[in-house]
Every structure is written in structure tokens, then in C-alpha cells.
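The data block below is query20.pdb; it holds PDB, C-alpha atoms.
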ATOM      1  CA  MET R 506       0.000   0.000   0.000
ATOM      2  CA  ARG R 507       1.337   3.308  -0.974
ATOM      3  CA  ALA R 508       1.378   6.258   1.495
ATOM      4  CA  LYS R 509      -0.698   9.252   0.520
ATOM      5  CA  LEU R 510       1.430  12.362   0.137
ATOM      6  CA  PRO R 511       0.066  15.662   1.441
ATOM      7  CA  ARG R 512      -1.255  17.903  -1.279
ATOM      8  CA  ARG R 513       0.964  20.911  -1.842
ATOM      9  CA  ARG R 514      -0.605  24.323  -1.981
ATOM     10  CA  GLY R 515       1.573  26.487  -4.113
ATOM     11  CA  PRO R 516       1.740  30.256  -4.075
ATOM     12  CA  TRP R 517      -1.435  30.415  -6.160
ATOM     13  CA  ARG R 518      -3.720  30.368  -3.146
ATOM     14  CA  ALA R 519      -1.892  33.293  -1.515
ATOM     15  CA  LEU R 520      -1.850  35.189  -4.807
ATOM     16  CA  LEU R 521      -5.583  34.647  -5.249
ATOM     17  CA  LEU R 522      -6.188  35.981  -1.742
ATOM     18  CA  VAL R 523      -4.101  39.096  -2.436
ATOM     19  CA  VAL R 524      -5.981  39.734  -5.697
ATOM     20  CA  ALA R 525      -9.338  39.329  -3.939
ATOM     21  CA  PHE R 526      -8.377  41.885  -1.279
ATOM     22  CA  ALA R 527      -7.143  44.286  -3.951
ATOM     23  CA  VAL R 528     -10.436  44.015  -5.848
ATOM     24  CA  LEU R 529     -12.376  44.638  -2.627
ATOM     25  CA  ALA R 530     -10.245  47.704  -1.858
ATOM     26  CA  VAL R 531     -10.869  49.155  -5.329
ATOM     27  CA  VAL R 532     -14.622  48.542  -5.052
ATOM     28  CA  ALA R 533     -14.694  50.175  -1.598
ATOM     29  CA  ALA R 534     -12.778  53.191  -2.909
ATOM     30  CA  LEU R 535     -15.177  53.562  -5.835
ATOM     31  CA  LEU R 536     -18.195  53.408  -3.553
ATOM     32  CA  GLU R 537     -16.846  56.085  -1.206
ATOM     33  CA  PRO R 538     -17.768  59.574  -2.392
ATOM     34  CA  LEU R 539     -14.920  61.799  -3.476
ATOM     35  CA  PRO R 540     -14.075  64.641  -1.114
ATOM     36  CA  PRO R 541     -15.781  67.777  -2.353
ATOM     37  CA  THR R 542     -14.223  70.709  -4.104
ATOM     38  CA  LEU R 543     -15.420  73.815  -2.305
ATOM     39  CA  SER R 544     -15.503  77.268  -3.865
ATOM     40  CA  GLY R 545     -16.785  80.650  -2.878
ATOM     41  CA  GLU R 546     -16.329  83.498  -0.455
ATOM     42  CA  ALA R 547     -14.167  82.520   2.507
ATOM     43  CA  SER R 548     -13.381  84.023   5.864
ATOM     44  CA  VAL R 549     -10.182  83.477   7.826
ATOM     45  CA  ALA R 550     -10.250  81.721  11.193
ATOM     46  CA  ASP R 551      -6.473  81.839  11.674
ATOM     47  CA  GLY R 552      -3.285  81.563   9.625
ATOM     48  CA  ASP R 553      -4.067  78.088   8.294
ATOM     49  CA  THR R 554      -7.846  77.671   8.651
ATOM     50  CA  LEU R 555     -10.669  79.061   6.517
ATOM     51  CA  ARG R 556     -14.441  79.027   6.722
ATOM     52  CA  LEU R 557     -16.085  78.400   3.372
ATOM     53  CA  GLY R 558     -19.719  77.561   2.711
ATOM     54  CA  GLY R 559     -20.398  76.639   6.321
ATOM     55  CA  GLU R 560     -17.349  74.352   6.464
ATOM     56  CA  ARG R 561     -14.005  74.811   8.182
ATOM     57  CA  ILE R 562     -11.012  73.974   6.001
ATOM     58  CA  ARG R 563      -7.544  73.354   7.424
ATOM     59  CA  LEU R 564      -4.880  74.123   4.816
ATOM     60  CA  THR R 565      -2.741  71.029   4.309
ATOM     61  CA  GLY R 566       1.018  70.959   4.071
ATOM     62  CA  LEU R 567       1.741  73.802   6.489
ATOM     63  CA  ASP R 568       1.383  74.937  10.057
ATOM     64  CA  ALA R 569       0.913  78.630  10.840
ATOM     65  CA  PRO R 570       1.586  80.294  14.186
ATOM     66  CA  GLU R 571      -1.361  80.356  16.585
ATOM     67  CA  LEU R 572      -3.279  83.629  16.923
ATOM     68  CA  ASP R 573      -1.761  84.443  20.328
ATOM     69  CA  GLN R 574       1.736  83.309  19.368
ATOM     70  CA  THR R 575       4.591  85.794  19.206
ATOM     71  CA  CYS R 576       7.926  85.553  17.406
ATOM     72  CA  THR R 577      11.174  87.514  17.476
ATOM     73  CA  ASP R 578      12.502  89.644  14.614
ATOM     74  CA  THR R 579      16.124  90.250  13.582
ATOM     75  CA  ALA R 580      16.478  93.116  16.096
ATOM     76  CA  GLY R 581      15.228  90.919  18.938
ATOM     77  CA  ALA R 582      11.834  92.634  19.151
ATOM     78  CA  THR R 583       8.695  90.574  19.739
ATOM     79  CA  TRP R 584       5.961  90.657  17.113
ATOM     80  CA  SER R 585       2.542  89.022  16.855
ATOM     81  CA  CYS R 586       3.383  86.429  14.208
ATOM     82  CA  GLY R 587       0.103  84.544  14.757
ATOM     83  CA  ARG R 588      -2.052  87.583  14.099
ATOM     84  CA  GLU R 589       0.105  88.700  11.175
ATOM     85  CA  SER R 590      -0.091  85.235   9.595
ATOM     86  CA  SER R 591      -3.869  85.412   9.828
ATOM     87  CA  GLN R 592      -3.851  88.936   8.406
ATOM     88  CA  ARG R 593      -1.646  87.857   5.479
ATOM     89  CA  LEU R 594      -4.103  85.077   4.614
ATOM     90  CA  ARG R 595      -6.928  87.671   4.623
ATOM     91  CA  GLU R 596      -4.880  89.871   2.263
ATOM     92  CA  LEU R 597      -4.237  86.955  -0.082
ATOM     93  CA  ILE R 598      -7.959  86.209  -0.277
ATOM     94  CA  ASN R 599      -8.933  89.886  -0.533
ATOM     95  CA  GLY R 600     -12.633  89.134  -1.098
ATOM     96  CA  GLU R 601     -11.904  86.917  -4.104
ATOM     97  CA  ALA R 602     -13.394  83.451  -4.634
ATOM     98  CA  VAL R 603     -11.417  80.691  -2.930
ATOM     99  CA  HIS R 604     -11.211  77.218  -4.478
ATOM    100  CA  CYS R 605     -10.336  74.266  -2.237
ATOM    101  CA  ASN R 606      -9.652  70.680  -3.227
ATOM    102  CA  THR R 607     -10.326  68.740  -0.070
ATOM    103  CA  GLU R 608      -8.517  65.564   0.964
ATOM    104  CA  GLY R 609     -10.671  64.172   3.765
ATOM    105  CA  ARG R 610     -11.203  65.428   7.295
ATOM    106  CA  ASP R 611      -9.035  65.816  10.369
ATOM    107  CA  ARG R 612      -9.898  64.539  13.836
ATOM    108  CA  TYR R 613     -11.815  67.764  14.539
ATOM    109  CA  GLY R 614     -14.107  67.305  11.542
ATOM    110  CA  ARG R 615     -12.471  70.072   9.498
ATOM    111  CA  TYR R 616     -11.860  69.432   5.836
ATOM    112  CA  LEU R 617      -8.192  69.187   4.911
ATOM    113  CA  GLY R 618      -7.442  70.868   1.637
ATOM    114  CA  ARG R 619      -5.277  72.820  -0.703
ATOM    115  CA  CYS R 620      -6.838  76.159  -1.486
ATOM    116  CA  SER R 621      -6.118  78.777  -4.095
ATOM    117  CA  VAL R 622      -7.221  82.235  -5.190
ATOM    118  CA  GLY R 623      -6.823  83.154  -8.840
ATOM    119  CA  GLY R 624      -4.777  79.994  -9.381
ATOM    120  CA  GLU R 625      -2.270  80.908  -6.639
ATOM    121  CA  ASP R 626      -1.770  78.255  -3.938
ATOM    122  CA  LEU R 627      -2.397  79.984  -0.600
ATOM    123  CA  GLY R 628      -0.252  77.505   1.333
ATOM    124  CA  ALA R 629       2.725  77.973  -0.970
ATOM    125  CA  VAL R 630       2.579  81.755  -0.550
ATOM    126  CA  LEU R 631       2.232  81.617   3.250
ATOM    127  CA  VAL R 632       5.223  79.281   3.560
ATOM    128  CA  ALA R 633       7.377  81.184   1.033
ATOM    129  CA  GLU R 634       6.742  84.481   2.805
ATOM    130  CA  GLY R 635       7.547  83.020   6.220
ATOM    131  CA  PHE R 636       4.027  83.133   7.671
ATOM    132  CA  ALA R 637       3.910  79.342   8.160
ATOM    133  CA  VAL R 638       6.241  76.374   8.362
ATOM    134  CA  ALA R 639       6.017  73.560   5.859
ATOM    135  CA  ALA R 640       4.790  70.174   6.980
ATOM    136  CA  LEU R 641       7.398  68.279   4.989
ATOM    137  CA  PRO R 642       7.434  66.998   2.322
ATOM    138  CA  PHE R 643       4.911  69.670   1.344
ATOM    139  CA  TYR R 644       6.222  73.104   0.301
ATOM    140  CA  ALA R 645       9.863  72.131   0.901
ATOM    141  CA  THR R 646      11.169  74.579  -1.726
ATOM    142  CA  GLU R 647       9.142  77.481  -0.355
ATOM    143  CA  ASP R 648      10.205  76.642   3.206
ATOM    144  CA  ALA R 649      13.897  76.552   2.249
ATOM    145  CA  LEU R 650      13.578  79.930   0.500
ATOM    146  CA  ALA R 651      11.905  81.573   3.516
ATOM    147  CA  ARG R 652      14.564  80.174   5.857
ATOM    148  CA  ARG R 653      17.458  81.228   3.631
ATOM    149  CA  GLU R 654      16.128  84.760   3.205
ATOM    150  CA  LYS R 655      15.020  85.003   6.863
ATOM    151  CA  ARG R 656      11.477  85.932   5.913
ATOM    152  CA  GLY R 657       8.698  86.324   8.458
ATOM    153  CA  ILE R 658       9.020  83.903  11.360
ATOM    154  CA  TRP R 659      12.490  82.869  10.138
ATOM    155  CA  ALA R 660      13.881  86.357  10.879
ATOM    156  CA  GLY R 661      14.640  85.358  14.458
ATOM    157  CA  PRO R 662      14.172  82.581  16.964
ATOM    158  CA  PHE R 663      10.641  81.215  17.353
ATOM    159  CA  ASP R 664       8.778  78.177  18.615
ATOM    160  CA  THR R 665       7.257  76.037  15.912
ATOM    161  CA  PRO R 666       3.469  76.273  16.034
ATOM    162  CA  ARG R 667       3.314  72.626  17.186
ATOM    163  CA  HIS R 668       5.745  73.284  20.056
ATOM    164  CA  TRP R 669       3.930  76.492  20.981
ATOM    165  CA  ARG R 670       0.580  74.634  21.186
ATOM    166  CA  ASP R 671       2.159  71.878  23.262
ATOM    167  CA  THR R 672       3.706  74.310  25.753
ATOM    168  CA  HIS R 673       0.738  76.677  25.966
ATOM    169  CA  GLY R 674      -1.995  74.105  26.460
ATOM    170  CA  ASP R 675      -3.706  74.746  23.155
ATOM    171  CA  ALA R 676      -5.467  71.611  21.934
ATOM    172  CA  THR R 677      -5.720  72.831  18.327
ATOM    173  CA  ALA R 678      -3.829  70.407  16.108
ATOM    174  CA  GLY R 679      -1.374  71.272  13.385
ATOM    175  CA  PHE R 680      -0.997  69.088  10.351
ATOM    176  CA  ASP R 681      -1.522  65.514  11.513
ATOM    177  CA  LEU R 682      -0.230  63.135   8.847
ATOM    178  CA  LEU R 683      -1.437  60.025  10.672
ATOM    179  CA  GLY R 684      -4.861  61.587  11.219
ATOM    180  CA  TRP R 685      -5.036  62.543   7.560
ATOM    181  CA  ILE R 686      -4.220  58.959   6.529
ATOM    182  CA  ARG R 687      -6.807  57.601   9.003
ATOM    183  CA  SER R 688      -9.458  59.963   7.577
ATOM    184  CA  TRP R 689      -9.312  58.012   4.317
ATOM    185  CA  PHE R 690     -10.182  54.742   6.053
ATOM    186  CA  GLY R 691     -12.446  55.814   8.904
TER     187      GLY R 691
END

Taking this structure as input, can you express it in the form of C-alpha cells?
Amino acid sequence: MRAKLPRRRGPWRALLLVVAFAVLAVVAALLEPLPPTLSGEASVADGDTLRLGGERIRLTGLDAPELDQTCTDTAGATWSCGRESSQRLRELINGEAVHCNTEGRDRYGRYLGRCSVGGEDLGAVLVAEGFAVAALPFYATEDALARREKRGIWAGPFDTPRHWRDTHGDATAGFDLLGWIRSWFG
């Protein structure tokens, strides 16, 4: 009598399982509605947050100083970098229509998005002028330029907005990469 050999399961079963999960992921992505594109008149909440059409939108790729945050200029004088960052965003909008491509929501329910006025990326301008720090890898070129030319907050020593929030008890979050990734699955 001959012994029965165990049946070998080659890599095909694992490959089939991977393909099935991939198909399910694609179907789930197609069934989930795309994040909206919002356009219209916007108001400024702070240096990196807008209100548009009843929604709050957190600009992605940057972190601006908090409204009560101060920074130091080249002469060592203190200036209200948080308020000036907010004011610069108001100037950039200047009553014009704002267009935002959203990318999900953060843990506070705000849309995350890249916004522009007249085709100009608001985040890129704020970072390049030194009114916000880049959340790398976003706006790396603009951030390097602002640092090199000591623009805005880079003119003197300052706490990053994240550090300032942490040390001043402010629960408002800056750019949260992990939260942004989770917003796509939750």
C-alpha cells in the first residue's frame, strides 16, 4: 500500500487571496464619495484655517503660528506672528473666490485641503513668505527659500506652532499626517 502524500498548496492560493483583497479595496474606494471641491467666499479663522460655505477647512502641508503666538525679529523685538499670519491670509484672499480641493477630514471634523485664489496656492505663498512652516514633504522649496532669506518667522528665533501649542496648552492640532491617513479609512 502506498502512502498518501500531502497535497501541496503552491503560491497560487496566496496570490488569489491578495488579488481578492485588492479588488475589494478598489470597489470600496469607488463606492466612497470623493471629497468635495469647495468654492466661494471665505473668511479666515487663523493663519491656516478658513471658513467656506459653512465648512471649516484646514490648509494642508503647512502649520501657521497660533493667533496668540509671538515671534522675534532680527532686532530681537517681539511681534505678533500669529495675528500677522492670519492677516496675510486675509490679504491673499482679498474678497476673491477661494477654491479648495479637499482631501478628507481631520480629527476635529475640518476638511483638509489645498486652497487657491486666482490659481495661486495659498499655502505655498504663506510658507514662502515666512508666515507658516512647511509640513514636509509639502512646500519644501518654499520653506527653504523663507529660511534662507530670513522671511517672516524665520527672521529670528521662534517656537514652531506645534511646540507652541504643546507648551501653551492649546489643543488645536497642526498638520496631523497620521490623522489625515486615518481619515481616508475611517

Mind giving me the straight-line distance from atom CA of Glu546 of chain R to atom CA of Val630 of chain R in Å, one decimal? 19.0 Å

Care to translate the PyMOL selection byres ((chain R and resi 602) around 10) into actual residues of this file, as a VMD selection string? chain R and resid 544 to 547 557 598 to 601 603 to 605 621 to 623

Using only C-alpha atoms - which residues lie no farther than 9 Å from the point (-9.8, 82.6, 6.2) in the file's frame? Write them as a list in words. Ala547, Ser548, Val549, Ala550, Asp551, Gly552, Asp553, Thr554, Leu555, Arg556, Leu557, Ile562, Ser591, Gln592, Leu594, Arg595 and Ile598 of chain R

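Rounded to one decimal, atom CA of Asp611 of chain R and atom CA of Pro642 of chain R lie 18.4 Å from each other.
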
Chain and number of each residue from the PyMOL selection byres ((chain R and resi 652) around 12), as a VMD selection string: chain R and resid 632 to 639 645 to 651 653 to 662

In Å, how far is it from atom CA of Leu597 of chain R to atom CA of Phe663 of chain R?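 Between atom CA of Leu597 of chain R and atom CA of Phe663 of chain R the gap is 23.6 Å.
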
List every protein, DNA or RNA residue that has an atom no more than 10 Å from (-4.0, 70.4, 4.4) in the file's coordinate frame, counting all atoms listed in the file, and report them as an MDAnalysis selection string. chainID R and resid 553:554 562:568 605:611 615:620 628 640 643 679:682 685

With all atoms listed in the file as the counted atoms, please give the residues lying no more than 7 Å from Pro666 of chain R, apart from itself and same-chain residues fewer than 4 positions off, as a list in words.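 In the requested format, the answer is Asp568, Ala569, Pro570, Glu571 and Arg670 of chain R.
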
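Shortest atom-to-atom contact with His673 of chain R among R:Asp578, R:Glu625, R:Asp573, R:Glu589: R:Asp573, counting only C-alpha atoms.
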
Of the listed residues R:Arg561, R:Gln574, R:Ala629, R:Ser585, that which approaches Arg667 of chain R most closely, counting all atoms listed in the file: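 The shortest atom-to-atom distance to Arg667 of chain R comes from R:Gln574.
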